[in-house]
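Novice: final.tsv is reproduced below (TSV, C-alpha atoms).
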chain	number	residue	atom	x	y	z
A	1	MET	CA	0.00	0.00	0.00
A	2	ARG	CA	1.25	3.48	-0.90
A	3	LYS	CA	2.76	5.27	2.08
A	4	HIS	CA	1.49	8.69	3.08
A	5	ILE	CA	3.90	11.20	4.61
A	6	LEU	CA	2.94	14.48	6.25
A	7	LEU	CA	5.64	17.13	6.09
A	8	ILE	CA	5.54	20.09	8.50
A	9	ASP	CA	8.08	22.82	7.73
A	10	ASP	CA	7.77	26.61	7.54
A	11	GLU	CA	10.26	26.94	4.66
A	12	ASP	CA	8.61	26.73	1.23
A	13	ASP	CA	11.76	25.64	-0.61
A	14	ILE	CA	12.58	22.80	1.80
A	15	ARG	CA	8.96	21.65	1.86
A	16	GLU	CA	8.78	21.46	-1.93
A	17	VAL	CA	12.16	19.73	-2.39
A	18	THR	CA	11.27	17.19	0.29
A	19	ALA	CA	7.91	16.48	-1.31
A	20	VAL	CA	9.27	15.96	-4.84
A	21	SER	CA	12.07	13.82	-3.44
A	22	LEU	CA	9.74	11.43	-1.60
A	23	GLU	CA	7.15	11.37	-4.40
A	24	THR	CA	9.66	10.83	-7.21
A	25	VAL	CA	12.08	8.41	-5.60
A	26	ALA	CA	9.72	6.35	-3.42
A	27	GLY	CA	6.33	7.02	-4.99
A	28	TRP	CA	4.88	8.05	-1.64
A	29	GLU	CA	1.98	10.43	-1.23
A	30	VAL	CA	3.10	13.63	0.50
A	31	SER	CA	0.91	16.22	2.21
A	32	SER	CA	2.42	19.32	3.72
A	33	ALA	CA	1.76	22.11	6.18
A	34	SER	CA	3.71	25.27	6.91
A	35	SER	CA	3.10	25.44	10.67
A	36	GLY	CA	2.69	23.18	13.67
A	37	PRO	CA	-1.03	23.91	14.25
A	38	ALA	CA	-1.87	23.43	10.54
A	39	GLY	CA	0.12	20.20	10.54
A	40	ILE	CA	-1.70	18.85	13.60
A	41	GLU	CA	-5.08	19.51	11.99
A	42	LEU	CA	-3.96	17.79	8.80
A	43	ALA	CA	-2.59	14.83	10.78
A	44	LYS	CA	-5.93	14.36	12.55
A	45	LYS	CA	-7.81	14.27	9.24
A	46	ALA	CA	-5.35	12.39	7.01
A	47	ARG	CA	-3.80	9.96	9.54
A	48	PRO	CA	-0.47	9.74	7.66
A	49	ASP	CA	1.91	6.79	8.06
A	50	ALA	CA	4.63	9.14	9.33
A	51	ILE	CA	5.34	12.81	9.92
A	52	LEU	CA	8.51	14.70	9.01
A	53	LEU	CA	8.67	17.66	11.39
A	54	ASP	CA	10.99	20.67	11.25
A	55	VAL	CA	12.55	21.58	14.62
A	56	MET	CA	12.91	25.35	14.18
A	57	MET	CA	9.60	26.99	13.35
A	58	PRO	CA	8.04	30.24	14.60
A	59	GLU	CA	5.41	30.03	17.39
A	60	HIS	CA	4.96	26.24	17.69
A	61	ASP	CA	8.39	24.73	17.12
A	62	GLY	CA	8.99	21.04	16.37
A	63	PRO	CA	9.17	19.76	19.97
A	64	ALA	CA	6.04	21.73	20.96
A	65	THR	CA	4.19	20.33	17.94
A	66	LEU	CA	5.31	16.79	18.79
A	67	ARG	CA	3.98	17.16	22.35
A	68	LEU	CA	0.57	18.22	20.98
A	69	LEU	CA	0.55	15.31	18.53
A	70	ARG	CA	1.38	12.87	21.35
A	71	ASN	CA	-1.37	14.29	23.57
A	72	ASP	CA	-4.09	13.68	20.98
A	73	GLU	CA	-5.48	10.17	20.67
A	74	ALA	CA	-5.90	10.55	16.91
A	75	THR	CA	-2.24	11.33	16.31
A	76	ALA	CA	-0.42	9.85	19.31
A	77	GLY	CA	0.71	6.72	17.48
A	78	ILE	CA	2.01	8.34	14.29
A	79	PRO	CA	5.81	8.08	14.09
A	80	VAL	CA	7.54	11.45	13.87
A	81	ILE	CA	10.99	12.15	12.42
A	82	PHE	CA	12.59	15.50	13.13
A	83	LEU	CA	14.20	17.45	10.30
A	84	THR	CA	16.87	19.70	11.70
A	85	ALA	CA	20.10	21.53	10.91
A	86	LYS	CA	23.44	19.83	11.54
A	87	ILE	CA	23.28	18.82	15.19
A	88	GLN	CA	25.41	17.34	17.90
A	89	SER	CA	24.66	13.79	19.00
A	90	ILE	CA	23.48	15.08	22.40
A	91	GLU	CA	20.81	17.19	20.66
A	92	ARG	CA	19.78	14.16	18.60
A	93	GLU	CA	19.39	12.14	21.80
A	94	ARG	CA	17.32	14.92	23.38
A	95	LEU	CA	14.94	14.98	20.41
A	96	GLN	CA	14.53	11.21	20.45
A	97	ALA	CA	13.98	11.27	24.21
A	98	ILE	CA	10.86	13.42	23.76
A	99	GLY	CA	9.33	10.80	21.50
A	100	ALA	CA	10.75	11.18	17.98
A	101	ALA	CA	11.37	8.02	15.97
A	102	GLY	CA	14.57	9.60	14.66
A	103	THR	CA	16.22	12.70	13.27
A	104	LEU	CA	17.32	13.65	9.77
A	105	ALA	CA	19.84	16.40	9.15
A	106	LYS	CA	19.23	19.35	6.87
A	107	PRO	CA	20.68	19.65	4.33
A	108	PHE	CA	19.78	16.19	3.06
A	109	ASN	CA	20.41	14.40	-0.21
A	110	PRO	CA	17.08	14.29	-2.11
A	111	LEU	CA	18.11	11.04	-3.79
A	112	THR	CA	18.60	9.15	-0.53
A	113	LEU	CA	16.02	10.82	1.74
A	114	ALA	CA	13.33	8.18	1.20
A	115	ASN	CA	15.81	5.43	2.06
A	116	GLN	CA	16.79	7.23	5.25
A	117	VAL	CA	13.13	7.59	6.26
A	118	SER	CA	12.51	3.90	5.51
A	119	GLU	CA	15.51	2.85	7.57
A	120	ILE	CA	14.43	4.89	10.60
A	121	LEU	CA	10.88	3.52	10.43
A	122	GLY	CA	11.83	-0.07	9.60
A	123	TRP	CA	9.94	0.02	6.30
A	124	ARG	CA	12.22	-2.49	4.59
B	1	MET	CA	13.63	9.19	-17.95
B	2	THR	CA	14.94	7.42	-14.83
B	3	SER	CA	13.98	8.39	-11.31
B	4	PRO	CA	17.28	10.25	-10.62
B	5	GLU	CA	16.93	12.18	-13.89
B	6	LYS	CA	13.31	13.07	-13.13
B	7	LEU	CA	14.27	14.16	-9.64
B	8	SER	CA	17.16	16.22	-10.95
B	9	GLN	CA	14.86	17.98	-13.40
B	10	LYS	CA	12.23	18.71	-10.75
B	11	ILE	CA	14.82	20.02	-8.30
B	12	ASN	CA	16.34	22.25	-10.95
B	13	ASP	CA	12.86	23.64	-11.64
B	14	LEU	CA	12.41	24.29	-7.92
B	15	TRP	CA	15.82	25.98	-7.80
B	16	GLN	CA	14.74	28.43	-10.50
B	17	LYS	CA	11.48	29.05	-8.66
B	18	HIS	CA	13.19	29.73	-5.33
B	19	LEU	CA	16.27	31.58	-6.62
B	20	PRO	CA	14.77	34.99	-5.72
B	21	LEU	CA	14.20	33.69	-2.16
B	22	MET	CA	17.88	32.66	-1.89
B	23	GLN	CA	18.95	36.06	-3.19
B	24	SER	CA	16.67	37.88	-0.74
B	25	ARG	CA	18.24	35.93	2.14
B	26	ILE	CA	21.69	37.07	0.94
B	27	GLU	CA	20.44	40.67	0.81
B	28	THR	CA	19.12	40.45	4.38
B	29	ILE	CA	22.50	39.28	5.64
B	30	ARG	CA	24.28	41.96	3.61
B	31	ARG	CA	22.04	44.66	5.13
B	32	ALA	CA	22.92	43.41	8.62
B	33	VAL	CA	26.66	43.41	7.89
B	34	ASP	CA	26.47	46.91	6.41
B	35	ALA	CA	24.38	48.17	9.33
B	36	ALA	CA	26.86	46.77	11.84
B	37	ARG	CA	29.72	48.44	10.00
B	38	ASN	CA	27.89	51.74	10.53
B	39	ASN	CA	26.92	50.93	14.15
B	40	ARG	CA	23.25	50.74	13.18
B	41	LEU	CA	22.60	47.01	13.60
B	42	THR	CA	19.35	46.44	15.49
B	43	GLN	CA	18.48	43.26	17.36
B	44	ASP	CA	15.62	42.63	14.93
B	45	LEU	CA	17.84	42.89	11.85
B	46	ARG	CA	20.48	40.73	13.49
B	47	ALA	CA	17.88	38.07	14.32
B	48	GLU	CA	16.50	38.25	10.77
B	49	ALA	CA	20.01	37.83	9.34
B	50	VAL	CA	20.75	34.84	11.60
B	51	GLN	CA	17.51	33.22	10.48
B	52	SER	CA	18.31	33.91	6.82
B	53	ALA	CA	21.76	32.31	7.21
B	54	HIS	CA	20.21	29.31	8.97
B	55	LYS	CA	17.67	28.83	6.19
B	56	LEU	CA	20.34	29.21	3.51
B	57	ALA	CA	22.49	26.57	5.22
B	58	GLY	CA	19.62	24.10	5.14
B	59	ALA	CA	18.46	24.85	1.62
B	60	LEU	CA	21.74	25.21	-0.28
B	61	GLY	CA	23.05	21.78	0.66
B	62	THR	CA	19.77	20.22	-0.41
B	63	PHE	CA	20.21	21.91	-3.79
B	64	SER	CA	23.69	20.30	-4.06
B	65	LEU	CA	25.65	23.39	-2.97
B	66	GLU	CA	27.38	21.77	0.00
B	67	CYS	CA	30.30	24.20	0.28
B	68	ALA	CA	27.96	27.19	0.16
B	69	SER	CA	25.83	25.50	2.82
B	70	ASP	CA	28.89	25.20	5.08
B	71	ASP	CA	29.73	28.87	4.45
B	72	ALA	CA	26.15	29.86	5.36
B	73	LEU	CA	26.46	27.84	8.56
B	74	GLU	CA	29.64	29.76	9.41
B	75	ILE	CA	27.85	33.04	8.67
B	76	GLU	CA	25.09	31.99	11.07
B	77	ARG	CA	27.67	31.16	13.73
B	78	LEU	CA	29.51	34.47	13.34
B	79	LEU	CA	26.30	36.50	13.39
B	80	THR	CA	25.09	34.63	16.47
B	81	ASN	CA	28.25	34.50	18.55
B	82	GLN	CA	30.81	37.08	17.59
B	83	PHE	CA	29.65	39.73	15.20
B	84	PRO	CA	30.53	42.58	15.49
B	85	ALA	CA	32.56	42.10	18.66
B	86	GLU	CA	35.58	40.72	16.85
B	87	ASP	CA	37.38	43.26	14.67
B	88	ASP	CA	37.85	40.98	11.68
B	89	ALA	CA	34.36	39.43	11.76
B	90	GLY	CA	33.06	41.98	9.23
B	91	ALA	CA	35.76	41.13	6.69
B	92	ILE	CA	35.26	37.39	7.19
B	93	LEU	CA	31.51	37.81	6.74
B	94	ASP	CA	32.05	39.81	3.55
B	95	GLU	CA	34.19	37.02	2.13
B	96	LEU	CA	31.79	34.25	3.15
B	97	LEU	CA	28.82	36.18	1.82
B	98	GLU	CA	30.54	36.72	-1.53
B	99	ARG	CA	31.33	33.01	-1.81
B	100	VAL	CA	27.74	32.03	-1.06
B	101	ASN	CA	26.46	34.66	-3.50
B	102	GLN	CA	28.73	33.35	-6.26
B	103	ALA	CA	27.64	29.76	-5.61
B	104	ILE	CA	23.97	30.74	-5.79
B	105	ASN	CA	24.35	32.75	-8.99
B	106	GLY	CA	26.63	30.16	-10.57
B	107	ARG	CA	24.55	27.06	-9.91
B	108	GLY	CA	23.76	25.35	-13.19
B	109	THR	CA	20.40	24.04	-14.17
B	110	GLY	CA	21.51	21.00	-16.13
B	111	SER	CA	22.25	17.51	-14.88
B	112	ASP	CA	25.61	18.76	-13.54
B	113	ALA	CA	23.70	20.79	-10.94
B	114	MET	CA	22.82	17.63	-9.04
B	115	GLU	CA	26.44	16.74	-8.32
B	116	ARG	CA	25.52	13.86	-6.07
B	117	ALA	CA	23.20	12.30	-8.61
Any chance you could put this one into structure tokens?
Specialist:
Amino acid sequence: MRKHILLIDDEDDIREVTAVSLETVAGWEVSSASSGPAGIELAKKARPDAILLDVMMPEHDGPATLRLLRNDEATAGIPVIFLTAKIQSIERERLQAIGAAGTLAKPFNPLTLANQVSEILGWR
Amino acid sequence: MTSPEKLSQKINDLWQKHLPLMQSRIETIRRAVDAARNNRLTQDLRAEAVQSAHKLAGALGTFSLECASDDALEIERLLTNQFPAEDDAGAILDELLERVNQAINGRGTGSDAMERA
């Protein structure tokens, strides 16, 4: 069955590159939102297989958005992968400790992004 | 057309679409550097420039400009931690900014643009 990914990122260019990468390389369906609150609403309606969530966003940042997703029965079980700038391993551990399935560094290689997502989520 | 070729074409199209955004981020940083040189750098402009550098660092590498992405990351670090406290930070920022600007304006749109493909 075709996977459905929800992408939440406030940067238009990153959102669009990520979407074409996952659609073209893996054939996944990608929905996107430009803010945490919009992403949460979309997640409740669409029930995606996974969410890619930017860490640094205005107002509701990635960790705040993840907490809201985890506190809602409709979205609590959806795996979330953080997209973030180059980070130290301690920061990666902190993000995973608050409930993320994994982290992916920005910049990423559009050709290998889908493989990285699959590896983190055990979709192989 | 294979998947990598299709992806390369789509990403090149997105690059053309978002080129003005990349250039506007450069301009924001340049305004901050110029303002600091004239002792007119406000906290808001500094924060805007840091955010622009951060966004450039994330985007440029994804569009296959890895060196420019690293330079943007260094710009972000300098703007956040040192600028303009260190005397030579302005000159270093000018050089980094010029390198990033050249990389942005020199990025090809053909298959060579996706170096990693």
Novice: Kindly provide, as a PyMOL selection string, the polymer residues lying within 6 Å of (24.1, 28.8, 3.6), counting all atoms listed in the file and using the coordinates exactly as they appear in the file.
Specialist: chain B and resi 53+56-57+60+68-69+71-73
Novice: Name the residues in contact with segment 20-32 of chain A at a cut-off of 8 Å, using all atoms listed in the file, excluding same-chain residues fewer than 2 positions from it; report them as a PDB file with C-alpha atoms, keeping the file's coordinate frame.
Specialist:
ATOM      1  CA  ARG A   2       1.250   3.480  -0.900  1.00  0.00           C
ATOM      2  CA  LYS A   3       2.760   5.270   2.080  1.00  0.00           C
ATOM      3  CA  HIS A   4       1.490   8.690   3.080  1.00  0.00           C
ATOM      4  CA  ILE A   5       3.900  11.200   4.610  1.00  0.00           C
ATOM      5  CA  LEU A   6       2.940  14.480   6.250  1.00  0.00           C
ATOM      6  CA  LEU A   7       5.640  17.130   6.090  1.00  0.00           C
ATOM      7  CA  ILE A   8       5.540  20.090   8.500  1.00  0.00           C
ATOM      8  CA  ASP A   9       8.080  22.820   7.730  1.00  0.00           C
ATOM      9  CA  ARG A  15       8.960  21.650   1.860  1.00  0.00           C
ATOM     10  CA  GLU A  16       8.780  21.460  -1.930  1.00  0.00           C
ATOM     11  CA  VAL A  17      12.160  19.730  -2.390  1.00  0.00           C
ATOM     12  CA  THR A  18      11.270  17.190   0.290  1.00  0.00           C
ATOM     13  CA  SER A  34       3.710  25.270   6.910  1.00  0.00           C
ATOM     14  CA  GLY A  39       0.120  20.200  10.540  1.00  0.00           C
ATOM     15  CA  PRO A 110      17.080  14.290  -2.110  1.00  0.00           C
ATOM     16  CA  LEU A 111      18.110  11.040  -3.790  1.00  0.00           C
ATOM     17  CA  LEU A 113      16.020  10.820   1.740  1.00  0.00           C
ATOM     18  CA  ALA A 114      13.330   8.180   1.200  1.00  0.00           C
TER      19      ALA A 114
ATOM     20  CA  SER B   3      13.980   8.390 -11.310  1.00  0.00           C
ATOM     21  CA  PRO B   4      17.280  10.250 -10.620  1.00  0.00           C
ATOM     22  CA  LYS B   6      13.310  13.070 -13.130  1.00  0.00           C
ATOM     23  CA  LEU B   7      14.270  14.160  -9.640  1.00  0.00           C
ATOM     24  CA  LYS B  10      12.230  18.710 -10.750  1.00  0.00           C
ATOM     25  CA  ILE B  11      14.820  20.020  -8.300  1.00  0.00           C
TER      26      ILE B  11
END
Novice: So, counting all atoms listed in the file, which residue among A:Ser89, A:Asn115, A:Thr103, A:Ser35 is closest to Thr65 of chain A?
Specialist: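 Between A:Ser89, A:Asn115, A:Thr103, A:Ser35, the residue approaching Thr65 of chain A most closely is A:Ser35.
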Novice: Atom CA of Leu95 of chain A and atom CA of Ala64 of chain A are how many Å apart?
Specialist: 11.2 Å
Novice: Considering only C-alpha atoms, state which residue in the set B:Asn105, B:Gln43, B:Thr28, B:Gln9 is at the smallest distance from chain A.
Specialist: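 For chain A, the nearest of the candidates is B:Gln9.
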Novice: Just how far from atom CA of Asp88 of chain B is atom CA of Thr42 of chain B, in Å to one decimal?
Specialist: 19.7 Å
Novice: Counting only C-alpha atoms, which residues of chain B fall within 10 Å of chain A, and what is the closest atom pair for each with its distance in Å at one decimal, ordered by chain and rising number, as JSON lines?
Specialist:
{"residue": "B:Thr2", "atom": "CA", "partner": "A:Val25", "partner_atom": "CA", "distance": 9.7}
{"residue": "B:Ser3", "atom": "CA", "partner": "A:Val25", "partner_atom": "CA", "distance": 6.0}
{"residue": "B:Pro4", "atom": "CA", "partner": "A:Leu111", "partner_atom": "CA", "distance": 6.9}
{"residue": "B:Glu5", "atom": "CA", "partner": "A:Thr24", "partner_atom": "CA", "distance": 10.0}
{"residue": "B:Lys6", "atom": "CA", "partner": "A:Thr24", "partner_atom": "CA", "distance": 7.3}
{"residue": "B:Leu7", "atom": "CA", "partner": "A:Thr24", "partner_atom": "CA", "distance": 6.2}
{"residue": "B:Ser8", "atom": "CA", "partner": "A:Leu111", "partner_atom": "CA", "distance": 8.9}
{"residue": "B:Lys10", "atom": "CA", "partner": "A:Val20", "partner_atom": "CA", "distance": 7.2}
{"residue": "B:Ile11", "atom": "CA", "partner": "A:Val17", "partner_atom": "CA", "distance": 6.5}
{"residue": "B:Asn12", "atom": "CA", "partner": "A:Val17", "partner_atom": "CA", "distance": 9.9}
{"residue": "B:Leu14", "atom": "CA", "partner": "A:Val17", "partner_atom": "CA", "distance": 7.2}
{"residue": "B:Trp15", "atom": "CA", "partner": "A:Asp13", "partner_atom": "CA", "distance": 8.3}
{"residue": "B:Lys17", "atom": "CA", "partner": "A:Asp13", "partner_atom": "CA", "distance": 8.7}
{"residue": "B:His18", "atom": "CA", "partner": "A:Asp13", "partner_atom": "CA", "distance": 6.4}
{"residue": "B:Leu19", "atom": "CA", "partner": "A:Asp13", "partner_atom": "CA", "distance": 9.6}
{"residue": "B:Leu21", "atom": "CA", "partner": "A:Asp13", "partner_atom": "CA", "distance": 8.6}
{"residue": "B:Met22", "atom": "CA", "partner": "A:Asp13", "partner_atom": "CA", "distance": 9.4}
{"residue": "B:Gln51", "atom": "CA", "partner": "A:Met56", "partner_atom": "CA", "distance": 9.8}
{"residue": "B:His54", "atom": "CA", "partner": "A:Ala85", "partner_atom": "CA", "distance": 8.0}
{"residue": "B:Lys55", "atom": "CA", "partner": "A:Glu11", "partner_atom": "CA", "distance": 7.8}
{"residue": "B:Leu56", "atom": "CA", "partner": "A:Pro107", "partner_atom": "CA", "distance": 9.6}
{"residue": "B:Ala57", "atom": "CA", "partner": "A:Pro107", "partner_atom": "CA", "distance": 7.2}
{"residue": "B:Gly58", "atom": "CA", "partner": "A:Pro107", "partner_atom": "CA", "distance": 4.6}
{"residue": "B:Ala59", "atom": "CA", "partner": "A:Ile14", "partner_atom": "CA", "distance": 6.2}
{"residue": "B:Leu60", "atom": "CA", "partner": "A:Pro107", "partner_atom": "CA", "distance": 7.3}
{"residue": "B:Gly61", "atom": "CA", "partner": "A:Pro107", "partner_atom": "CA", "distance": 4.9}
{"residue": "B:Thr62", "atom": "CA", "partner": "A:Pro107", "partner_atom": "CA", "distance": 4.9}
{"residue": "B:Phe63", "atom": "CA", "partner": "A:Asn109", "partner_atom": "CA", "distance": 8.3}
{"residue": "B:Ser64", "atom": "CA", "partner": "A:Asn109", "partner_atom": "CA", "distance": 7.8}
{"residue": "B:Leu65", "atom": "CA", "partner": "A:Pro107", "partner_atom": "CA", "distance": 9.6}
{"residue": "B:Glu66", "atom": "CA", "partner": "A:Pro107", "partner_atom": "CA", "distance": 8.3}
{"residue": "B:Ser69", "atom": "CA", "partner": "A:Pro107", "partner_atom": "CA", "distance": 7.9}
{"residue": "B:Asp70", "atom": "CA", "partner": "A:Pro107", "partner_atom": "CA", "distance": 9.9}
{"residue": "B:Leu73", "atom": "CA", "partner": "A:Lys86", "partner_atom": "CA", "distance": 9.1}
{"residue": "B:Met114", "atom": "CA", "partner": "A:Pro110", "partner_atom": "CA", "distance": 9.6}
{"residue": "B:Arg116", "atom": "CA", "partner": "A:Asn109", "partner_atom": "CA", "distance": 7.8}
{"residue": "B:Ala117", "atom": "CA", "partner": "A:Leu111", "partner_atom": "CA", "distance": 7.1}
Novice: Distance atom CA of Arg77 of chain B-atom CA of Arg99 of chain B, one decimal place?
Specialist: 16.1 Å
Novice: Counting only C-alpha atoms, figure out which residue out of B:Ala49, B:Cys67, B:Ile104, B:Leu78 gets nearest to Asp34 of chain B.
Specialist: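 Closest to Asp34 of chain B, using only C-alpha atoms: B:Ala49.
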Novice: Show me, as an mmCIF file with C-alpha atoms, keeping the file's coordinate frame, the residues that have an atom within 12 Å of Ala89 of chain B when counting all atoms listed in the file, minus same-chain residues fewer than 4 positions from it.
Specialist:
data_model
loop_
_atom_site.group_PDB
_atom_site.id
_atom_site.type_symbol
_atom_site.label_atom_id
_atom_site.label_comp_id
_atom_site.auth_asym_id
_atom_site.auth_seq_id
_atom_site.Cartn_x
_atom_site.Cartn_y
_atom_site.Cartn_z
ATOM 1 C CA VAL B 33 26.660 43.410 7.890
ATOM 2 C CA ALA B 36 26.860 46.770 11.840
ATOM 3 C CA ARG B 37 29.720 48.440 10.000
ATOM 4 C CA GLU B 74 29.640 29.760 9.410
ATOM 5 C CA ILE B 75 27.850 33.040 8.670
ATOM 6 C CA GLU B 76 25.090 31.990 11.070
ATOM 7 C CA ARG B 77 27.670 31.160 13.730
ATOM 8 C CA LEU B 78 29.510 34.470 13.340
ATOM 9 C CA LEU B 79 26.300 36.500 13.390
ATOM 10 C CA THR B 80 25.090 34.630 16.470
ATOM 11 C CA ASN B 81 28.250 34.500 18.550
ATOM 12 C CA GLN B 82 30.810 37.080 17.590
ATOM 13 C CA PHE B 83 29.650 39.730 15.200
ATOM 14 C CA PRO B 84 30.530 42.580 15.490
ATOM 15 C CA ALA B 85 32.560 42.100 18.660
ATOM 16 C CA LEU B 93 31.510 37.810 6.740
ATOM 17 C CA ASP B 94 32.050 39.810 3.550
ATOM 18 C CA GLU B 95 34.190 37.020 2.130
ATOM 19 C CA LEU B 96 31.790 34.250 3.150
ATOM 20 C CA LEU B 97 28.820 36.180 1.820
#
Novice: Any chance you could model N, CA and C atoms for segment 40-65 of chain A and send them as a tab-separated table (two decimals), in the frame of the given file?
Specialist:
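Written output follows (selection29.tsv):
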chain	number	residue	atom	x	y	z
A	40	ILE	N	-0.94	19.69	12.66
A	40	ILE	CA	-1.70	18.85	13.60
A	40	ILE	C	-3.11	18.60	13.06
A	41	GLU	N	-3.73	19.66	12.56
A	41	GLU	CA	-5.08	19.51	11.99
A	41	GLU	C	-5.09	18.53	10.82
A	42	LEU	N	-4.06	18.67	9.96
A	42	LEU	CA	-3.96	17.79	8.80
A	42	LEU	C	-3.71	16.34	9.24
A	43	ALA	N	-2.90	16.18	10.28
A	43	ALA	CA	-2.59	14.83	10.78
A	43	ALA	C	-3.84	14.15	11.32
A	44	LYS	N	-4.70	14.92	12.00
A	44	LYS	CA	-5.93	14.36	12.55
A	44	LYS	C	-6.85	13.86	11.44
A	45	LYS	N	-6.91	14.63	10.34
A	45	LYS	CA	-7.81	14.27	9.24
A	45	LYS	C	-7.22	13.15	8.38
A	46	ALA	N	-5.93	13.28	8.03
A	46	ALA	CA	-5.35	12.39	7.01
A	46	ALA	C	-4.75	11.12	7.59
A	47	ARG	N	-4.44	11.13	8.91
A	47	ARG	CA	-3.80	9.96	9.54
A	47	ARG	C	-2.65	9.41	8.69
A	48	PRO	N	-1.59	10.20	8.50
A	48	PRO	CA	-0.47	9.74	7.66
A	48	PRO	C	0.27	8.58	8.31
A	49	ASP	N	1.09	7.89	7.52
A	49	ASP	CA	1.91	6.79	8.06
A	49	ASP	C	3.08	7.32	8.88
A	50	ALA	N	3.53	8.53	8.57
A	50	ALA	CA	4.63	9.14	9.33
A	50	ALA	C	4.61	10.65	9.10
A	51	ILE	N	5.25	11.35	10.03
A	51	ILE	CA	5.34	12.81	9.92
A	51	ILE	C	6.81	13.22	9.94
A	52	LEU	N	7.20	14.06	8.98
A	52	LEU	CA	8.51	14.70	9.01
A	52	LEU	C	8.29	16.11	9.56
A	53	LEU	N	8.97	16.43	10.65
A	53	LEU	CA	8.67	17.66	11.39
A	53	LEU	C	9.92	18.51	11.58
A	54	ASP	N	9.87	19.74	11.08
A	54	ASP	CA	10.99	20.67	11.25
A	54	ASP	C	11.11	21.06	12.73
A	55	VAL	N	12.34	21.21	13.20
A	55	VAL	CA	12.55	21.58	14.62
A	55	VAL	C	12.34	23.08	14.82
A	56	MET	N	12.97	23.90	13.97
A	56	MET	CA	12.91	25.35	14.18
A	56	MET	C	11.81	25.97	13.35
A	57	MET	N	10.69	26.30	14.03
A	57	MET	CA	9.60	26.99	13.35
A	57	MET	C	9.09	28.08	14.29
A	58	PRO	N	8.56	29.18	13.73
A	58	PRO	CA	8.04	30.24	14.60
A	58	PRO	C	6.79	29.75	15.36
A	59	GLU	N	6.54	30.36	16.50
A	59	GLU	CA	5.41	30.03	17.39
A	59	GLU	C	5.52	28.58	17.89
A	60	HIS	N	4.84	27.63	17.26
A	60	HIS	CA	4.96	26.24	17.69
A	60	HIS	C	6.16	25.61	17.00
A	61	ASP	N	7.25	25.38	17.75
A	61	ASP	CA	8.39	24.73	17.12
A	61	ASP	C	8.16	23.21	17.06
A	62	GLY	N	9.16	22.48	16.55
A	62	GLY	CA	8.99	21.04	16.37
A	62	GLY	C	8.66	20.30	17.66
A	63	PRO	N	9.47	20.48	18.72
A	63	PRO	CA	9.17	19.76	19.97
A	63	PRO	C	7.79	20.09	20.53
A	64	ALA	N	7.37	21.37	20.45
A	64	ALA	CA	6.04	21.73	20.96
A	64	ALA	C	4.95	21.05	20.13
A	65	THR	N	5.16	20.99	18.82
A	65	THR	CA	4.19	20.33	17.94
A	65	THR	C	4.13	18.83	18.24
